[in-house]
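Enquirer: The structure file final.txt (compact mmCIF, N, CA and C atoms) is provided below.
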```txt
# COMPACT_ATOMS: atom_id res chain seq x y z
N MET U 1 -15.62 -61.87 36.60
CA MET U 1 -16.48 -60.70 36.48
C MET U 1 -17.91 -61.09 36.86
N ASN U 2 -18.59 -60.20 37.48
CA ASN U 2 -19.98 -60.41 37.86
C ASN U 2 -20.81 -60.65 36.60
N SER U 3 -21.55 -61.76 36.56
CA SER U 3 -22.33 -62.09 35.37
C SER U 3 -23.49 -61.13 35.16
N ASN U 4 -23.85 -60.35 36.18
CA ASN U 4 -24.93 -59.38 36.01
C ASN U 4 -24.43 -58.05 35.46
N GLY U 5 -23.13 -57.84 35.47
CA GLY U 5 -22.57 -56.57 35.00
C GLY U 5 -23.00 -56.19 33.59
N PRO U 6 -22.84 -57.08 32.62
CA PRO U 6 -23.26 -56.74 31.25
C PRO U 6 -24.77 -56.47 31.14
N ARG U 7 -25.56 -57.25 31.86
CA ARG U 7 -27.02 -57.04 31.82
C ARG U 7 -27.38 -55.67 32.39
N ILE U 8 -26.72 -55.30 33.49
CA ILE U 8 -26.98 -54.00 34.11
C ILE U 8 -26.53 -52.88 33.18
N ALA U 9 -25.38 -53.04 32.54
CA ALA U 9 -24.88 -52.02 31.61
C ALA U 9 -25.83 -51.84 30.43
N VAL U 10 -26.27 -52.94 29.84
CA VAL U 10 -27.20 -52.86 28.70
C VAL U 10 -28.54 -52.28 29.16
N LEU U 11 -29.02 -52.69 30.31
CA LEU U 11 -30.27 -52.15 30.84
C LEU U 11 -30.16 -50.65 31.05
N GLY U 12 -29.02 -50.20 31.59
CA GLY U 12 -28.83 -48.77 31.81
C GLY U 12 -28.87 -47.97 30.52
N VAL U 13 -28.23 -48.48 29.48
CA VAL U 13 -28.25 -47.78 28.19
C VAL U 13 -29.67 -47.81 27.60
N ALA U 14 -30.37 -48.92 27.76
CA ALA U 14 -31.75 -49.01 27.25
C ALA U 14 -32.63 -47.97 27.94
N VAL U 15 -32.49 -47.84 29.24
CA VAL U 15 -33.28 -46.84 29.99
C VAL U 15 -32.91 -45.43 29.52
N LEU U 16 -31.63 -45.18 29.31
CA LEU U 16 -31.20 -43.88 28.82
C LEU U 16 -31.85 -43.56 27.47
N HIS U 17 -31.94 -44.55 26.59
CA HIS U 17 -32.58 -44.32 25.28
C HIS U 17 -34.09 -44.12 25.42
N VAL U 18 -34.71 -44.73 26.40
CA VAL U 18 -36.13 -44.44 26.66
C VAL U 18 -36.28 -42.98 27.08
N LEU U 19 -35.37 -42.50 27.92
CA LEU U 19 -35.42 -41.10 28.35
C LEU U 19 -35.20 -40.16 27.16
N PHE U 20 -34.25 -40.50 26.29
CA PHE U 20 -34.05 -39.69 25.08
C PHE U 20 -35.33 -39.68 24.25
N MET U 21 -35.94 -40.85 24.09
CA MET U 21 -37.16 -40.95 23.30
C MET U 21 -38.24 -40.02 23.87
N LEU U 22 -38.44 -40.09 25.18
CA LEU U 22 -39.46 -39.26 25.80
C LEU U 22 -39.15 -37.78 25.63
N GLY U 23 -37.87 -37.42 25.78
CA GLY U 23 -37.46 -36.03 25.61
C GLY U 23 -37.60 -35.53 24.18
N GLU U 24 -37.53 -36.45 23.22
CA GLU U 24 -37.65 -36.08 21.81
C GLU U 24 -39.09 -36.14 21.31
N LEU U 25 -39.97 -36.78 22.04
CA LEU U 25 -41.37 -36.87 21.60
C LEU U 25 -42.29 -35.88 22.31
N PHE U 26 -41.93 -35.44 23.49
CA PHE U 26 -42.82 -34.57 24.28
C PHE U 26 -42.13 -33.28 24.62
N LYS U 27 -42.67 -32.25 24.62
CA LYS U 27 -43.94 -31.68 24.19
C LYS U 27 -43.99 -31.72 22.66
N TRP U 28 -45.17 -31.89 22.13
CA TRP U 28 -45.29 -32.10 20.69
C TRP U 28 -44.80 -30.91 19.88
N GLU U 29 -45.21 -29.71 20.24
CA GLU U 29 -44.85 -28.53 19.45
C GLU U 29 -43.37 -28.17 19.57
N GLU U 30 -42.78 -28.37 20.75
CA GLU U 30 -41.35 -28.12 20.92
C GLU U 30 -40.82 -29.15 21.91
N PRO U 31 -40.31 -30.26 21.38
CA PRO U 31 -39.81 -31.32 22.25
C PRO U 31 -38.77 -30.80 23.25
N PHE U 32 -38.77 -31.37 24.44
CA PHE U 32 -37.86 -30.98 25.51
C PHE U 32 -36.41 -30.93 25.04
N ILE U 33 -35.96 -32.00 24.35
CA ILE U 33 -34.57 -32.07 23.88
C ILE U 33 -34.29 -30.94 22.88
N LEU U 34 -35.25 -30.65 22.01
CA LEU U 34 -35.07 -29.56 21.05
C LEU U 34 -34.88 -28.24 21.79
N GLY U 35 -35.64 -28.02 22.83
CA GLY U 35 -35.49 -26.81 23.63
C GLY U 35 -34.10 -26.69 24.23
N LEU U 36 -33.55 -27.80 24.72
CA LEU U 36 -32.20 -27.78 25.27
C LEU U 36 -31.16 -27.46 24.21
N VAL U 37 -31.31 -28.07 23.04
CA VAL U 37 -30.36 -27.83 21.96
C VAL U 37 -30.44 -26.38 21.50
N LEU U 38 -31.65 -25.85 21.40
CA LEU U 38 -31.81 -24.47 20.93
C LEU U 38 -31.22 -23.47 21.91
N GLN U 39 -31.12 -23.83 23.19
CA GLN U 39 -30.48 -22.94 24.16
C GLN U 39 -29.01 -22.73 23.80
N SER U 40 -28.35 -23.78 23.33
CA SER U 40 -26.95 -23.63 22.95
C SER U 40 -26.80 -23.13 21.52
N TRP U 41 -27.88 -23.10 20.79
CA TRP U 41 -27.89 -22.58 19.42
C TRP U 41 -28.78 -21.34 19.35
N SER U 42 -28.62 -20.45 20.30
CA SER U 42 -29.50 -19.29 20.41
C SER U 42 -29.48 -18.41 19.15
N ARG U 43 -28.42 -18.50 18.37
CA ARG U 43 -28.35 -17.68 17.15
C ARG U 43 -29.27 -18.19 16.05
N VAL U 44 -29.81 -19.39 16.23
CA VAL U 44 -30.72 -19.96 15.25
C VAL U 44 -32.14 -19.58 15.65
N GLY U 45 -32.78 -18.85 14.82
CA GLY U 45 -34.15 -18.45 15.11
C GLY U 45 -35.14 -19.32 14.34
N LEU U 46 -35.80 -20.21 15.03
CA LEU U 46 -36.79 -21.07 14.39
C LEU U 46 -38.18 -20.61 14.79
N ALA U 47 -39.03 -20.49 13.81
CA ALA U 47 -40.41 -20.10 14.08
C ALA U 47 -41.30 -20.74 13.02
N GLY U 48 -42.58 -20.79 13.34
CA GLY U 48 -43.58 -21.25 12.40
C GLY U 48 -43.29 -22.59 11.77
N GLU U 49 -43.33 -22.63 10.45
CA GLU U 49 -43.15 -23.89 9.70
C GLU U 49 -41.77 -24.50 9.93
N ASN U 50 -40.75 -23.67 10.07
CA ASN U 50 -39.40 -24.19 10.32
C ASN U 50 -39.35 -24.94 11.65
N MET U 51 -39.95 -24.35 12.68
CA MET U 51 -39.96 -24.99 13.99
C MET U 51 -40.77 -26.28 13.93
N ARG U 52 -41.87 -26.28 13.23
CA ARG U 52 -42.69 -27.48 13.10
C ARG U 52 -41.91 -28.59 12.39
N PHE U 53 -41.21 -28.23 11.31
CA PHE U 53 -40.42 -29.22 10.58
C PHE U 53 -39.31 -29.81 11.47
N VAL U 54 -38.57 -28.95 12.14
CA VAL U 54 -37.49 -29.42 13.02
C VAL U 54 -38.06 -30.29 14.14
N SER U 55 -39.22 -29.94 14.66
CA SER U 55 -39.87 -30.76 15.70
C SER U 55 -40.16 -32.16 15.17
N TYR U 56 -40.62 -32.24 13.94
CA TYR U 56 -40.90 -33.56 13.35
C TYR U 56 -39.63 -34.38 13.20
N VAL U 57 -38.54 -33.73 12.83
CA VAL U 57 -37.26 -34.43 12.71
C VAL U 57 -36.83 -34.95 14.08
N VAL U 58 -36.99 -34.14 15.11
CA VAL U 58 -36.65 -34.56 16.47
C VAL U 58 -37.56 -35.70 16.91
N HIS U 59 -38.85 -35.63 16.58
CA HIS U 59 -39.76 -36.74 16.91
C HIS U 59 -39.29 -38.03 16.23
N ASN U 60 -38.84 -37.92 15.00
CA ASN U 60 -38.33 -39.09 14.28
C ASN U 60 -37.13 -39.69 15.02
N ALA U 61 -36.23 -38.84 15.49
CA ALA U 61 -35.09 -39.32 16.27
C ALA U 61 -35.58 -40.01 17.55
N GLY U 62 -36.64 -39.50 18.12
CA GLY U 62 -37.21 -40.13 19.31
C GLY U 62 -37.70 -41.54 19.03
N ILE U 63 -38.31 -41.73 17.87
CA ILE U 63 -38.76 -43.07 17.49
C ILE U 63 -37.56 -44.00 17.36
N TYR U 64 -36.49 -43.52 16.74
CA TYR U 64 -35.29 -44.34 16.62
C TYR U 64 -34.70 -44.69 17.98
N ASN U 65 -34.70 -43.74 18.90
CA ASN U 65 -34.21 -44.05 20.25
C ASN U 65 -35.09 -45.09 20.92
N GLY U 66 -36.38 -45.05 20.66
CA GLY U 66 -37.27 -46.08 21.19
C GLY U 66 -36.96 -47.45 20.60
N ILE U 67 -36.62 -47.48 19.32
CA ILE U 67 -36.27 -48.74 18.66
C ILE U 67 -34.97 -49.29 19.26
N VAL U 68 -33.99 -48.43 19.48
CA VAL U 68 -32.73 -48.87 20.10
C VAL U 68 -33.02 -49.43 21.49
N ALA U 69 -33.82 -48.72 22.27
CA ALA U 69 -34.16 -49.20 23.62
C ALA U 69 -34.86 -50.54 23.56
N ALA U 70 -35.83 -50.69 22.66
CA ALA U 70 -36.55 -51.97 22.54
C ALA U 70 -35.60 -53.10 22.16
N GLY U 71 -34.68 -52.83 21.24
CA GLY U 71 -33.70 -53.85 20.85
C GLY U 71 -32.81 -54.25 22.00
N LEU U 72 -32.37 -53.27 22.78
CA LEU U 72 -31.53 -53.58 23.94
C LEU U 72 -32.30 -54.35 25.00
N PHE U 73 -33.54 -53.94 25.26
CA PHE U 73 -34.38 -54.68 26.23
C PHE U 73 -34.56 -56.12 25.75
N ALA U 74 -34.89 -56.28 24.46
CA ALA U 74 -35.11 -57.63 23.93
C ALA U 74 -33.83 -58.47 23.99
N SER U 75 -32.69 -57.84 23.78
CA SER U 75 -31.43 -58.58 23.80
C SER U 75 -31.14 -59.17 25.18
N LEU U 76 -31.70 -58.60 26.20
CA LEU U 76 -31.47 -59.11 27.55
C LEU U 76 -32.04 -60.51 27.74
N SER U 77 -32.97 -60.89 26.89
CA SER U 77 -33.57 -62.23 27.00
C SER U 77 -32.84 -63.27 26.16
N LEU U 78 -31.81 -62.86 25.42
CA LEU U 78 -31.13 -63.76 24.49
C LEU U 78 -29.89 -64.44 25.07
N GLY U 79 -29.48 -64.04 26.25
CA GLY U 79 -28.29 -64.63 26.84
C GLY U 79 -27.05 -64.30 26.03
N ARG U 80 -26.12 -65.24 25.94
CA ARG U 80 -24.84 -65.01 25.26
C ARG U 80 -25.01 -64.76 23.75
N SER U 81 -26.08 -65.25 23.17
CA SER U 81 -26.27 -65.06 21.74
C SER U 81 -26.63 -63.60 21.38
N ALA U 82 -26.82 -62.77 22.39
CA ALA U 82 -27.18 -61.37 22.16
C ALA U 82 -25.98 -60.51 21.76
N LEU U 83 -24.78 -61.04 21.84
CA LEU U 83 -23.58 -60.22 21.61
C LEU U 83 -23.62 -59.42 20.30
N PRO U 84 -23.94 -60.02 19.15
CA PRO U 84 -23.95 -59.20 17.91
C PRO U 84 -24.98 -58.08 17.95
N VAL U 85 -26.14 -58.37 18.51
CA VAL U 85 -27.20 -57.35 18.60
C VAL U 85 -26.77 -56.23 19.53
N GLN U 86 -26.28 -56.59 20.70
CA GLN U 86 -25.85 -55.59 21.67
C GLN U 86 -24.69 -54.77 21.13
N THR U 87 -23.75 -55.41 20.48
CA THR U 87 -22.60 -54.70 19.91
C THR U 87 -23.06 -53.68 18.87
N ALA U 88 -23.95 -54.10 17.98
CA ALA U 88 -24.44 -53.19 16.93
C ALA U 88 -25.20 -52.01 17.52
N LEU U 89 -26.09 -52.28 18.45
CA LEU U 89 -26.90 -51.20 19.03
C LEU U 89 -26.06 -50.25 19.88
N LEU U 90 -25.16 -50.81 20.68
CA LEU U 90 -24.31 -49.96 21.52
C LEU U 90 -23.33 -49.15 20.67
N ALA U 91 -22.75 -49.77 19.65
CA ALA U 91 -21.84 -49.04 18.76
C ALA U 91 -22.58 -47.93 18.02
N GLY U 92 -23.81 -48.21 17.59
CA GLY U 92 -24.61 -47.18 16.93
C GLY U 92 -24.88 -46.01 17.86
N GLY U 93 -25.16 -46.31 19.11
CA GLY U 93 -25.38 -45.24 20.10
C GLY U 93 -24.13 -44.42 20.34
N ILE U 94 -22.97 -45.08 20.33
CA ILE U 94 -21.70 -44.37 20.50
C ILE U 94 -21.47 -43.41 19.33
N VAL U 95 -21.67 -43.91 18.13
CA VAL U 95 -21.48 -43.08 16.93
C VAL U 95 -22.45 -41.90 16.95
N ALA U 96 -23.71 -42.15 17.29
CA ALA U 96 -24.69 -41.07 17.36
C ALA U 96 -24.31 -40.04 18.42
N GLY U 97 -23.79 -40.53 19.55
CA GLY U 97 -23.38 -39.62 20.62
C GLY U 97 -22.21 -38.74 20.21
N VAL U 98 -21.23 -39.32 19.54
CA VAL U 98 -20.08 -38.54 19.06
C VAL U 98 -20.53 -37.53 18.02
N PHE U 99 -21.35 -37.98 17.07
CA PHE U 99 -21.85 -37.08 16.03
C PHE U 99 -22.65 -35.94 16.65
N GLY U 100 -23.53 -36.27 17.58
CA GLY U 100 -24.33 -35.24 18.25
C GLY U 100 -23.51 -34.26 19.05
N THR U 101 -22.40 -34.72 19.60
CA THR U 101 -21.51 -33.84 20.35
C THR U 101 -20.99 -32.71 19.46
N PHE U 102 -20.67 -33.05 18.22
CA PHE U 102 -20.11 -32.06 17.31
C PHE U 102 -21.17 -31.27 16.55
N THR U 103 -22.37 -31.84 16.38
CA THR U 103 -23.38 -31.17 15.56
C THR U 103 -24.55 -30.58 16.33
N LEU U 104 -24.82 -31.07 17.54
CA LEU U 104 -25.98 -30.58 18.29
C LEU U 104 -25.59 -29.85 19.56
N ALA U 105 -25.08 -30.61 20.53
CA ALA U 105 -24.74 -30.03 21.82
C ALA U 105 -23.63 -30.86 22.46
N PRO U 106 -22.67 -30.21 23.09
CA PRO U 106 -21.57 -30.93 23.72
C PRO U 106 -22.04 -31.98 24.75
N ALA U 107 -23.15 -31.76 25.40
CA ALA U 107 -23.64 -32.70 26.42
C ALA U 107 -23.99 -34.06 25.83
N THR U 108 -24.14 -34.13 24.51
CA THR U 108 -24.47 -35.39 23.86
C THR U 108 -23.35 -36.42 24.04
N VAL U 109 -22.17 -35.95 24.43
CA VAL U 109 -21.05 -36.86 24.66
C VAL U 109 -21.40 -37.89 25.74
N VAL U 110 -22.33 -37.56 26.62
CA VAL U 110 -22.75 -38.51 27.67
C VAL U 110 -23.27 -39.79 27.04
N GLN U 111 -24.04 -39.68 25.97
CA GLN U 111 -24.57 -40.86 25.28
C GLN U 111 -23.42 -41.73 24.79
N ALA U 112 -22.39 -41.11 24.21
CA ALA U 112 -21.25 -41.87 23.70
C ALA U 112 -20.47 -42.53 24.83
N ILE U 113 -20.26 -41.81 25.91
CA ILE U 113 -19.50 -42.35 27.03
C ILE U 113 -20.22 -43.53 27.68
N VAL U 114 -21.51 -43.37 27.95
CA VAL U 114 -22.28 -44.44 28.58
C VAL U 114 -22.32 -45.66 27.66
N GLY U 115 -22.52 -45.44 26.37
CA GLY U 115 -22.53 -46.55 25.42
C GLY U 115 -21.19 -47.25 25.35
N ALA U 116 -20.10 -46.48 25.38
CA ALA U 116 -18.76 -47.07 25.31
C ALA U 116 -18.46 -47.90 26.56
N VAL U 117 -18.86 -47.40 27.72
CA VAL U 117 -18.65 -48.16 28.95
C VAL U 117 -19.44 -49.46 28.90
N ALA U 118 -20.71 -49.36 28.49
CA ALA U 118 -21.54 -50.57 28.41
C ALA U 118 -20.96 -51.57 27.40
N LEU U 119 -20.51 -51.08 26.25
CA LEU U 119 -19.93 -51.98 25.25
C LEU U 119 -18.67 -52.64 25.79
N ALA U 120 -17.84 -51.89 26.50
CA ALA U 120 -16.62 -52.46 27.09
C ALA U 120 -16.97 -53.54 28.11
N VAL U 121 -18.00 -53.29 28.92
CA VAL U 121 -18.41 -54.28 29.92
C VAL U 121 -18.92 -55.55 29.24
N VAL U 122 -19.73 -55.38 28.19
CA VAL U 122 -20.27 -56.53 27.47
C VAL U 122 -19.14 -57.33 26.81
N LEU U 123 -18.25 -56.65 26.12
CA LEU U 123 -17.17 -57.35 25.42
C LEU U 123 -16.20 -58.01 26.40
N ARG U 124 -15.93 -57.35 27.51
CA ARG U 124 -15.03 -57.93 28.51
C ARG U 124 -15.66 -59.18 29.13
N SER U 125 -16.96 -59.15 29.34
CA SER U 125 -17.61 -60.33 29.93
C SER U 125 -17.56 -61.52 28.98
N ARG U 126 -17.56 -61.25 27.68
CA ARG U 126 -17.49 -62.35 26.71
C ARG U 126 -16.07 -62.88 26.61
N ALA U 127 -15.08 -62.00 26.81
CA ALA U 127 -13.68 -62.43 26.76
C ALA U 127 -13.29 -63.19 28.03
N HIS U 128 -13.95 -62.85 29.15
CA HIS U 128 -13.68 -63.49 30.44
C HIS U 128 -15.01 -63.96 31.03
N PRO U 129 -15.60 -65.02 30.47
CA PRO U 129 -16.93 -65.45 30.93
C PRO U 129 -16.91 -65.93 32.38
N SER U 130 -18.03 -65.71 33.05
CA SER U 130 -18.17 -66.20 34.42
C SER U 130 -18.38 -67.70 34.38
N PRO U 131 -18.17 -68.38 35.50
CA PRO U 131 -18.33 -69.85 35.53
C PRO U 131 -19.74 -70.31 35.18
N ASN U 132 -20.74 -69.46 35.42
CA ASN U 132 -22.13 -69.81 35.14
C ASN U 132 -22.66 -68.89 34.06
N PRO U 133 -22.33 -69.08 32.78
CA PRO U 133 -22.77 -68.17 31.72
C PRO U 133 -24.29 -68.19 31.58
N SER U 134 -24.81 -67.00 31.23
CA SER U 134 -26.27 -66.91 31.04
C SER U 134 -26.64 -67.20 29.61
```
Could you quickly redo this structure as structure tokens?

Expert:
Amino acid sequence: MNSNGPRIAVLGVAVLHVLFMLGELFKWEEPFILGLVLQSWSRVGLAGENMRFVSYVVHNAGIYNGIVAAGLFASLSLGRSALPVQTALLAGGIVAGVFGTFTLAPATVVQAIVGAVALAVVLRSRAHPSPNPS
């Protein structure tokens, strides 16, 4: 297996989490991701203090996505010893993606799928290491 495959997979998921973070932090009053979710939840009418509170919750999720991205980026410098960190962060992203699919919006399944593919690539590379391990 290409020794760069796991690094590319982890990097891709890290970039995806940066995009989630940005979508959950900006615009401040109504984050982009919140707007997308509310389109599929049109029966929910949020205004005033309720909208502000929900925006803060979404901002908090954005911070967590930034933390996941930072952990994945940092793990890229650890070589083979990064496996436990990468496994935990990728598995957490998969669980969040599945949960979000059922509770927020069906499109959230993309997060779970991308995380699962990356985790499979990482685990497969450890089971079948390349001749020149990083």

Enquirer: Return as lines of an AutoDock Vina configuration file the centre and edge lengths, in Å with one decimal, of the box along x, y and z that encloses every atom of stretch 6-13 of chain U in the file, padded by 4 Å per side.

Expert:
```
center_x = -26.6
center_y = -52.5
center_z = 30.9
size_x = 15.4
size_y = 17.5
size_z = 14.5
```

Enquirer: Could you check the closest approach to U:Lys27 for each of U:Ala127, U:Val68, U:Ala74, U:Arg52 and tell me which residue wins, using only C-alpha atoms?

Expert: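 Selected residue with least distance to U:Lys27: U:Arg52.
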
Enquirer: Have a look at U:Leu104, U:Leu36, U:Leu90, U:Val98 and name the one nearest to U:Leu119; count all atoms listed in the file.

Expert: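 The answer is U:Leu90, which sits nearest to U:Leu119.
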
Enquirer: Using atom CA of U:Val15 and atom CA of U:Pro31 as the two end points, give the distance in Å to one decimal.

Expert: 18.5 Å

Enquirer: Determine the nearest neighbour of U:Ser81 from the options U:Gln111, U:Ile8, U:Arg126, U:Met21, counting only C-alpha atoms.

Expert: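 Checking each of U:Gln111, U:Ile8, U:Arg126, U:Met21 against U:Ser81, counting only C-alpha atoms, the winner is U:Arg126.
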
Enquirer: Taking all atoms listed in the file into account, name the residue in U:Ser55, U:Glu49, U:Ala107, U:Val13 that is nearest to U:Ala69.

Expert: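 Selected residue with least distance to U:Ala69: U:Val13.
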
Enquirer: With only N, CA and C atoms as the atoms that count, which of U:Leu72, U:Val110, U:Val85, U:Ala116 lies nearest to U:Val10?

Expert: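 Using only N, CA and C atoms, U:Val10 sits closest to U:Leu72.
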